[in-house]
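Step one of this worksheet: look at the structure below.
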Amino acid sequence: MSLRIATAGESHGPALAAILTGLPAGLELDRDAIDGDLKRRQQGYGRSPRQQIEQDRVEVLSGLRHGHTLGTPLTLVVRNNDHKNWLWGMNPWPPEGEPTGKGTKAVTLPRPGHADLPGVLKYNHDDVRNSLERASARHTAVQVAAGGVAKALLATLGIEVRGLTVDEEGLHARIDEARKERDTVGGRIEVRVTGVMPGLGTYAAKEDRLDARLAAAVMGIQAVKGVEIGDGFALADKLGSAAHDEIRTDRHRDTNHAGGIEGGISNGEEIVIRAAMKPIPTLMKPLRSVDLATGEEAVALVERSDVAAVEALSVVAEAAVAWELAVLALDKFGGDFIGDTVAAAAAYRQRINWGS
Ligand code: EPS
């Protein structure tokens, strides 16, 4: 059985949820570590006041007993504290009584860059909110919780995943500048993975290439518009002699232009993935749009939003990469019990004579 995840939840609905299936039994989870990642995701320069309302914590509804997985579906929940302000507006059922709180009026002013317009066209919604709520990056909270589970699994195999912001100082200065101008900014993040043995992913089918899988996992995160592995785009301008990583007798490399992946397979070097995030589409100084109710020219919806969420993306991308690597590691090593997974990985390392 493969490791799988299904997530659900709207930004201002009652909660976000994830159901994880295919986890081995006996994996120890640390609530503080998962909550620590949830907190990291909420922090970062340029976040909206929403982050003062939310105090994200993981709740577990199934699949865990006394901190160890049972080998049964693991259900994770992160509640939306803000839902109390949207009880009428985001009521799952036809609300009773007078409209009160937030979300009572239909949104008809789509924001360029958000899912607003394509979403309402696709699903025939007459309120943009019916699209934006799920498209919101709020739901990355529960993905980070799932990433915490994946990181616990990878740690048993000696694999560590770490996301960081590229040029944090420059980013903070750009955020200050943008806030003054009532504008928004994007930025770049990087995820680095150490301890990966050679052999995750395969060239046998394009959808199973490790680089394709990781790129899809990171590109699937809200606002990501570009992903590169290793030296990525810069490789296009290099000569072959400068672009490839020569092989030493111990089969390691002195350089890592490939970002730890060759032929769609991990080669044992550090895996390096970078992503470019576009600026947040909700501008306090809104762009030109159309009022979908009247067809008249208008300006886009203005509502509370982040100036930037680049530092949050580094945590979300870390979780996404960890999840994908956990899927591939379990595909390769299997195991109903985590001890079986660890033993299979150790036997494999021994077979290829590759230390941890
Ligand atoms: C988001 C809009 C903002 C962000 C939100 C993502 O939410 P709100 O409209 O409630 O202020 O703060 O991100 C989060 C709530 C979060 O926890 O990351 C959007 O439209 O994508």
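Chains: A, B, ... in order of the structure tokens. Residues: from 1 per chain. Ligands: from 1, in order shown.
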
Give the residues close to ligand 1, within 6 Å, counting only C-alpha atoms and all ligand atoms; write them as a PDB file with N, CA, C and O atoms, in the first residue's frame.
ATOM      1  N   SER A  48      -0.069  38.610   7.446  1.00  0.00           N
ATOM      2  CA  SER A  48      -1.266  39.422   7.737  1.00  0.00           C
ATOM      3  C   SER A  48      -1.667  39.288   9.199  1.00  0.00           C
ATOM      4  O   SER A  48      -1.243  38.353   9.891  1.00  0.00           O
ATOM      5  N   ARG A  50      -4.147  38.091  10.295  1.00  0.00           N
ATOM      6  CA  ARG A  50      -4.804  36.784  10.503  1.00  0.00           C
ATOM      7  C   ARG A  50      -3.951  35.878  11.378  1.00  0.00           C
ATOM      8  O   ARG A  50      -4.474  35.065  12.149  1.00  0.00           O
ATOM      9  N   SER A 136      -7.112  29.435  -1.183  1.00  0.00           N
ATOM     10  CA  SER A 136      -6.265  30.133  -0.213  1.00  0.00           C
ATOM     11  C   SER A 136      -5.110  29.260   0.296  1.00  0.00           C
ATOM     12  O   SER A 136      -5.271  28.050   0.480  1.00  0.00           O
ATOM     13  N   ALA A 137      -4.003  29.907   0.557  1.00  0.00           N
ATOM     14  CA  ALA A 137      -2.843  29.188   1.095  1.00  0.00           C
ATOM     15  C   ALA A 137      -3.032  28.802   2.559  1.00  0.00           C
ATOM     16  O   ALA A 137      -2.160  28.168   3.152  1.00  0.00           O
ATOM     17  N   ARG A 138      -4.155  29.171   3.137  1.00  0.00           N
ATOM     18  CA  ARG A 138      -4.433  28.748   4.514  1.00  0.00           C
ATOM     19  C   ARG A 138      -4.315  27.226   4.638  1.00  0.00           C
ATOM     20  O   ARG A 138      -3.871  26.711   5.637  1.00  0.00           O
ATOM     21  N   ARG A 304      -8.079  41.944   3.925  1.00  0.00           N
ATOM     22  CA  ARG A 304      -6.890  41.661   4.729  1.00  0.00           C
ATOM     23  C   ARG A 304      -6.019  40.612   4.029  1.00  0.00           C
ATOM     24  O   ARG A 304      -6.533  39.598   3.550  1.00  0.00           O
ATOM     25  N   SER A 305      -4.736  40.873   3.964  1.00  0.00           N
ATOM     26  CA  SER A 305      -3.870  39.893   3.305  1.00  0.00           C
ATOM     27  C   SER A 305      -2.427  40.070   3.759  1.00  0.00           C
ATOM     28  O   SER A 305      -2.090  41.034   4.436  1.00  0.00           O
ATOM     29  N   ASP A 306      -1.603  39.133   3.352  1.00  0.00           N
ATOM     30  CA  ASP A 306      -0.168  39.230   3.630  1.00  0.00           C
ATOM     31  C   ASP A 306       0.475  40.188   2.631  1.00  0.00           C
ATOM     32  O   ASP A 306       0.021  40.298   1.489  1.00  0.00           O
TER      33      ASP A 306
END

Strand (DSSP E) positions in stretch 37-179 of chain A, given as a list in words
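So the strand (DSSP E) residues in stretch 37-179 of chain A would be Glu59, Val60, Leu61, Ser62, Leu64, Arg65, His68, Thr69, Leu74, Thr75, Leu76, Val77, Val78, Arg79, Glu160, Val161, Arg162, Gly163, Leu164 and Thr165 of chain A.
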
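Omitting A:Ala258 and its sequence neighbours fewer than 3 positions away, and counting only C-alpha atoms, the residues within 9 Å are Ile229, Gly230, Asp231, Gly232, Leu235, Ala243, His244, Asp245, Thr255, Ile261, Glu262, Glu269, Ile271 and Val272 of chain A.
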
Which residues of stretch 98-211 of chain A sit at most 12 Å from stretch 338-355 of chain A, using only C-alpha atoms? Give each one's shortest atom pair and distance in Å (one decimal place), in chain and ascending residue order, as a Markdown table.
| residue | atom | partner | partner_atom | distance |
| --- | --- | --- | --- | --- |
| A:Ala152 | CA | A:Ile338 | CA | 10.8 |
| A:Leu153 | CA | A:Ile338 | CA | 8.0 |
| A:Leu154 | CA | A:Val342 | CA | 9.7 |
| A:Ala155 | CA | A:Val342 | CA | 10.1 |
| A:Thr156 | CA | A:Val342 | CA | 6.7 |
| A:Leu157 | CA | A:Val342 | CA | 6.1 |
| A:Gly158 | CA | A:Val342 | CA | 9.5 |
| A:Ile159 | CA | A:Ala345 | CA | 11.4 |
| A:Gly195 | CA | A:Gly355 | CA | 9.4 |
| A:Val196 | CA | A:Trp354 | CA | 10.4 |
| A:Met197 | CA | A:Trp354 | CA | 7.3 |
| A:Pro198 | CA | A:Trp354 | CA | 8.3 |
| A:Gly199 | CA | A:Tyr348 | CA | 9.6 |
| A:Leu200 | CA | A:Ala345 | CA | 11.2 |

Among stretch 108-198 of chain A, which ones does DSSP place in alpha helix (DSSP H), written as a ChimeraX atom specification?
/A:116-123,129-135,140-155,168-180

With distances taken over only C-alpha atoms, which residue among A:Pro49, A:Gly335, A:Pro14, A:Gly113 lies nearest A:Ala300?
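Smallest separation from A:Ala300 among the options: A:Gly113.
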
I'd like to know which of A:Arg213, A:Lys180, A:Arg174, A:Arg31 is closest to A:Trp323, using only C-alpha atoms.
A:Arg213

How many Å lie between atom CA of A:Gly187 and atom CA of A:Val307, rounded to one decimal?
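These atoms are spaced 11.5 Å apart.
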
Using only C-alpha atoms, can you tell me which of A:Ser266, A:Ser241, A:Thr75, A:Gln143 comes closest to A:Glu59?
A:Thr75

Shell around A:Asp336 at 12 Å using only C-alpha atoms, local window under 6 positions removed, as a PyMOL selection string:
chain A and resi 1-3+21-27+69-72+330+342-344

Store the residues picked out above, limited to N, CA, C and O atoms, as a PDB file, in the first residue's frame.
ATOM      1  N   MET A   1       0.849  -1.200   0.000  1.00  0.00           N
ATOM      2  CA  MET A   1       0.000   0.000   0.000  1.00  0.00           C
ATOM      3  C   MET A   1       0.881   1.245   0.000  1.00  0.00           C
ATOM      4  O   MET A   1       1.791   1.342   0.802  1.00  0.00           O
ATOM      5  N   SER A   2       0.585   2.148  -0.918  1.00  0.00           N
ATOM      6  CA  SER A   2       1.383   3.376  -0.996  1.00  0.00           C
ATOM      7  C   SER A   2       0.934   4.381   0.052  1.00  0.00           C
ATOM      8  O   SER A   2      -0.219   4.369   0.481  1.00  0.00           O
ATOM      9  N   LEU A   3       1.862   5.252   0.426  1.00  0.00           N
ATOM     10  CA  LEU A   3       1.530   6.358   1.328  1.00  0.00           C
ATOM     11  C   LEU A   3       0.715   7.379   0.548  1.00  0.00           C
ATOM     12  O   LEU A   3       1.131   7.827  -0.523  1.00  0.00           O
ATOM     13  N   THR A  21      -2.954   7.741   4.658  1.00  0.00           N
ATOM     14  CA  THR A  21      -3.056   6.280   4.691  1.00  0.00           C
ATOM     15  C   THR A  21      -1.742   5.677   4.196  1.00  0.00           C
ATOM     16  O   THR A  21      -1.000   6.311   3.450  1.00  0.00           O
ATOM     17  N   GLY A  22      -1.482   4.438   4.623  1.00  0.00           N
ATOM     18  CA  GLY A  22      -0.282   3.737   4.173  1.00  0.00           C
ATOM     19  C   GLY A  22       0.928   3.957   5.052  1.00  0.00           C
ATOM     20  O   GLY A  22       2.050   3.575   4.681  1.00  0.00           O
ATOM     21  N   LEU A  23       0.738   4.559   6.221  1.00  0.00           N
ATOM     22  CA  LEU A  23       1.877   4.746   7.147  1.00  0.00           C
ATOM     23  C   LEU A  23       2.158   3.436   7.872  1.00  0.00           C
ATOM     24  O   LEU A  23       1.225   2.751   8.298  1.00  0.00           O
ATOM     25  N   PRO A  24       3.433   3.113   8.071  1.00  0.00           N
ATOM     26  CA  PRO A  24       3.720   1.921   8.872  1.00  0.00           C
ATOM     27  C   PRO A  24       3.344   2.138  10.335  1.00  0.00           C
ATOM     28  O   PRO A  24       3.277   3.275  10.798  1.00  0.00           O
ATOM     29  N   ALA A  25       3.110   1.056  11.040  1.00  0.00           N
ATOM     30  CA  ALA A  25       2.835   1.130  12.478  1.00  0.00           C
ATOM     31  C   ALA A  25       4.144   1.367  13.236  1.00  0.00           C
ATOM     32  O   ALA A  25       5.231   1.065  12.738  1.00  0.00           O
ATOM     33  N   GLY A  26       4.010   1.928  14.430  1.00  0.00           N
ATOM     34  CA  GLY A  26       5.166   2.034  15.326  1.00  0.00           C
ATOM     35  C   GLY A  26       6.017   3.262  15.116  1.00  0.00           C
ATOM     36  O   GLY A  26       7.052   3.421  15.768  1.00  0.00           O
ATOM     37  N   LEU A  27       5.610   4.156  14.216  1.00  0.00           N
ATOM     38  CA  LEU A  27       6.378   5.388  13.994  1.00  0.00           C
ATOM     39  C   LEU A  27       6.042   6.371  15.113  1.00  0.00           C
ATOM     40  O   LEU A  27       4.869   6.675  15.357  1.00  0.00           O
ATOM     41  N   THR A  69       2.181   5.539  15.684  1.00  0.00           N
ATOM     42  CA  THR A  69       1.188   5.224  14.650  1.00  0.00           C
ATOM     43  C   THR A  69       0.729   3.778  14.796  1.00  0.00           C
ATOM     44  O   THR A  69       1.481   2.904  15.249  1.00  0.00           O
ATOM     45  N   LEU A  70      -0.529   3.554  14.369  1.00  0.00           N
ATOM     46  CA  LEU A  70      -1.131   2.221  14.490  1.00  0.00           C
ATOM     47  C   LEU A  70      -1.131   1.469  13.166  1.00  0.00           C
ATOM     48  O   LEU A  70      -1.601   0.333  13.104  1.00  0.00           O
ATOM     49  N   GLY A  71      -0.655   2.122  12.097  1.00  0.00           N
ATOM     50  CA  GLY A  71      -0.733   1.476  10.771  1.00  0.00           C
ATOM     51  C   GLY A  71      -2.131   1.605  10.187  1.00  0.00           C
ATOM     52  O   GLY A  71      -2.476   0.911   9.241  1.00  0.00           O
ATOM     53  N   THR A  72      -2.932   2.478  10.770  1.00  0.00           N
ATOM     54  CA  THR A  72      -4.305   2.741  10.301  1.00  0.00           C
ATOM     55  C   THR A  72      -4.371   4.196   9.843  1.00  0.00           C
ATOM     56  O   THR A  72      -3.442   4.968  10.124  1.00  0.00           O
ATOM     57  N   LEU A 330       8.976   4.834   1.158  1.00  0.00           N
ATOM     58  CA  LEU A 330       8.114   3.693   1.517  1.00  0.00           C
ATOM     59  C   LEU A 330       7.844   2.805   0.305  1.00  0.00           C
ATOM     60  O   LEU A 330       7.734   1.588   0.448  1.00  0.00           O
ATOM     61  N   VAL A 342      13.083   0.401   8.295  1.00  0.00           N
ATOM     62  CA  VAL A 342      14.463   0.767   8.647  1.00  0.00           C
ATOM     63  C   VAL A 342      15.416  -0.382   8.304  1.00  0.00           C
ATOM     64  O   VAL A 342      16.504  -0.160   7.739  1.00  0.00           O
ATOM     65  N   ALA A 343      14.987  -1.609   8.583  1.00  0.00           N
ATOM     66  CA  ALA A 343      15.847  -2.769   8.301  1.00  0.00           C
ATOM     67  C   ALA A 343      16.061  -2.930   6.795  1.00  0.00           C
ATOM     68  O   ALA A 343      17.172  -3.243   6.342  1.00  0.00           O
ATOM     69  N   ALA A 344      15.009  -2.715   6.022  1.00  0.00           N
ATOM     70  CA  ALA A 344      15.131  -2.842   4.564  1.00  0.00           C
ATOM     71  C   ALA A 344      16.073  -1.778   4.011  1.00  0.00           C
ATOM     72  O   ALA A 344      16.893  -2.047   3.125  1.00  0.00           O
TER      73      ALA A 344
END

I want to know what sits within 12 Å of A:Arg129, based on only C-alpha atoms, with residues of the same chain fewer than 6 positions away left out; could you give that as a compact mmCIF listing (two decimals) with N, CA and C atoms, in the first residue's frame?
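Dumped everything to out_31.txt:
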# COMPACT_ATOMS: atom_id res chain seq x y z
N GLU A 10 -11.63 24.83 4.10
CA GLU A 10 -11.63 26.18 3.55
C GLU A 10 -10.93 27.12 4.52
N SER A 11 -10.48 28.27 4.01
CA SER A 11 -9.68 29.19 4.81
C SER A 11 -10.42 29.68 6.05
N HIS A 12 -11.72 29.97 5.91
CA HIS A 12 -12.49 30.48 7.06
C HIS A 12 -13.57 29.50 7.50
N GLY A 13 -13.47 28.26 7.06
CA GLY A 13 -14.38 27.21 7.52
C GLY A 13 -13.94 26.75 8.91
N GLY A 89 -21.32 33.51 7.53
CA GLY A 89 -20.77 33.58 6.18
C GLY A 89 -20.22 32.27 5.65
N MET A 90 -19.68 31.44 6.52
CA MET A 90 -19.08 30.17 6.07
C MET A 90 -19.82 28.97 6.66
N LYS A 102 -18.49 38.15 9.09
CA LYS A 102 -17.83 38.30 7.80
C LYS A 102 -18.40 37.34 6.75
N GLY A 103 -18.17 37.69 5.48
CA GLY A 103 -18.54 36.79 4.39
C GLY A 103 -20.02 36.77 4.08
N THR A 104 -20.74 37.83 4.46
CA THR A 104 -22.19 37.83 4.24
C THR A 104 -22.56 38.36 2.86
N LYS A 105 -21.66 39.16 2.28
CA LYS A 105 -21.96 39.72 0.94
C LYS A 105 -21.16 38.99 -0.12
N ALA A 106 -21.78 38.72 -1.25
CA ALA A 106 -21.07 38.00 -2.31
C ALA A 106 -19.90 38.83 -2.83
N VAL A 107 -18.77 38.19 -3.06
CA VAL A 107 -17.61 38.84 -3.67
C VAL A 107 -17.77 38.72 -5.18
N THR A 108 -17.71 39.85 -5.89
CA THR A 108 -17.88 39.81 -7.36
C THR A 108 -16.73 40.48 -8.09
N LEU A 109 -15.67 40.84 -7.31
CA LEU A 109 -14.54 41.58 -7.91
C LEU A 109 -13.29 40.70 -7.90
N PRO A 110 -13.09 39.89 -8.96
CA PRO A 110 -11.96 38.94 -8.96
C PRO A 110 -10.60 39.64 -8.95
N ARG A 111 -9.67 39.09 -8.18
CA ARG A 111 -8.31 39.64 -8.10
C ARG A 111 -7.43 39.00 -9.17
N HIS A 114 -5.18 35.68 -8.50
CA HIS A 114 -5.78 34.70 -7.58
C HIS A 114 -6.61 33.71 -8.40
N ALA A 115 -7.17 32.71 -7.74
CA ALA A 115 -8.00 31.71 -8.43
C ALA A 115 -9.40 32.25 -8.72
N ASP A 116 -9.66 33.51 -8.34
CA ASP A 116 -11.02 34.04 -8.33
C ASP A 116 -11.77 33.87 -9.65
N LEU A 117 -11.21 34.40 -10.74
CA LEU A 117 -11.94 34.38 -12.01
C LEU A 117 -12.01 32.98 -12.62
N GLY A 119 -11.76 30.24 -11.22
CA GLY A 119 -12.52 29.38 -10.31
C GLY A 119 -14.02 29.52 -10.49
N VAL A 120 -14.51 30.77 -10.54
CA VAL A 120 -15.97 30.93 -10.67
C VAL A 120 -16.46 30.52 -12.06
N TYR A 123 -16.51 26.54 -11.98
CA TYR A 123 -17.49 25.87 -11.11
C TYR A 123 -18.87 26.52 -11.12
N ALA A 135 -8.86 27.86 -2.51
CA ALA A 135 -7.62 28.18 -3.22
C ALA A 135 -6.61 28.85 -2.27
N SER A 136 -7.11 29.43 -1.18
CA SER A 136 -6.27 30.13 -0.21
C SER A 136 -5.11 29.26 0.30
N LEU A 301 -11.04 43.02 -5.54
CA LEU A 301 -11.34 42.89 -4.11
C LEU A 301 -10.14 43.32 -3.26
N GLU A 303 -9.02 42.87 0.58
CA GLU A 303 -9.30 42.36 1.92
C GLU A 303 -8.00 42.07 2.61

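Using only C-alpha atoms, the nearest neighbour of A:Ala309 within the list A:Ile221, A:Leu287, A:Ala15, A:Ala215 is A:Ile221.
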
Between atom CA of A:Asp254 and atom CA of A:Val193, measure the distance and give it in Å to one decimal.
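Taking atom CA of A:Asp254 and atom CA of A:Val193, their separation equals 16.9 Å.
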
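The space separating atom CA of A:Glu311 from atom CA of A:Arg47 comes to 9.2 Å.
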
Residues within 12 Å of A:Arg79, only C-alpha atoms, excluding chain neighbours under 3 positions, as a list in words:
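My reading of the contact set: Ala8, Gly9, Glu10, Ser11, His12, Gly13, Pro14, Ala15, Leu16, Ala17, Ala18, Leu38, Ile53, Glu54, Gln55, Asp56, Arg57, Val58, Glu59, Val60, Leu76, Asp82, His83, Lys84, Arg138, His139, Ala141 and Val142 of chain A.
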
Deliver the residues from the most recent selection as a file, using C-alpha atoms, as a PDB file, in the first residue's frame.
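Saved to out_16.pdb:
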ATOM      1  CA  ALA A   8      -9.830  19.227   2.977  1.00  0.00           C
ATOM      2  CA  GLY A   9     -10.861  22.565   4.408  1.00  0.00           C
ATOM      3  CA  GLU A  10     -11.628  26.182   3.547  1.00  0.00           C
ATOM      4  CA  SER A  11      -9.680  29.194   4.811  1.00  0.00           C
ATOM      5  CA  HIS A  12     -12.491  30.477   7.061  1.00  0.00           C
ATOM      6  CA  GLY A  13     -14.376  27.214   7.523  1.00  0.00           C
ATOM      7  CA  PRO A  14     -14.319  25.283  10.810  1.00  0.00           C
ATOM      8  CA  ALA A  15     -11.049  23.408  10.205  1.00  0.00           C
ATOM      9  CA  LEU A  16      -8.481  21.942   7.854  1.00  0.00           C
ATOM     10  CA  ALA A  17      -8.096  18.186   7.765  1.00  0.00           C
ATOM     11  CA  ALA A  18      -5.795  15.573   6.283  1.00  0.00           C
ATOM     12  CA  LEU A  38       3.018  24.961  12.315  1.00  0.00           C
ATOM     13  CA  ILE A  53      -5.962  35.172  15.329  1.00  0.00           C
ATOM     14  CA  GLU A  54      -4.686  31.696  14.480  1.00  0.00           C
ATOM     15  CA  GLN A  55      -2.613  29.611  16.907  1.00  0.00           C
ATOM     16  CA  ASP A  56      -2.196  26.550  14.733  1.00  0.00           C
ATOM     17  CA  ARG A  57      -1.951  23.260  16.594  1.00  0.00           C
ATOM     18  CA  VAL A  58      -2.323  19.719  15.337  1.00  0.00           C
ATOM     19  CA  GLU A  59      -5.168  17.545  16.590  1.00  0.00           C
ATOM     20  CA  VAL A  60      -5.166  13.837  15.860  1.00  0.00           C
ATOM     21  CA  LEU A  76      -4.873  15.363  11.315  1.00  0.00           C
ATOM     22  CA  ASP A  82     -11.100  32.833  12.666  1.00  0.00           C
ATOM     23  CA  HIS A  83     -14.155  30.706  11.844  1.00  0.00           C
ATOM     24  CA  LYS A  84     -15.945  32.213  14.848  1.00  0.00           C
ATOM     25  CA  ARG A 138      -4.433  28.748   4.514  1.00  0.00           C
ATOM     26  CA  HIS A 139      -4.762  25.058   3.761  1.00  0.00           C
ATOM     27  CA  ALA A 141      -1.231  24.517   7.496  1.00  0.00           C
ATOM     28  CA  VAL A 142      -2.465  20.949   7.438  1.00  0.00           C
TER      29      VAL A 142
END

My list of candidates is A:Pro286, A:Gly170, A:Gly67, A:Pro73. Which is closest to A:Asp183 when distances are computed with only C-alpha atoms?
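Nearest candidate to A:Asp183 out of A:Pro286, A:Gly170, A:Gly67, A:Pro73: A:Pro286.
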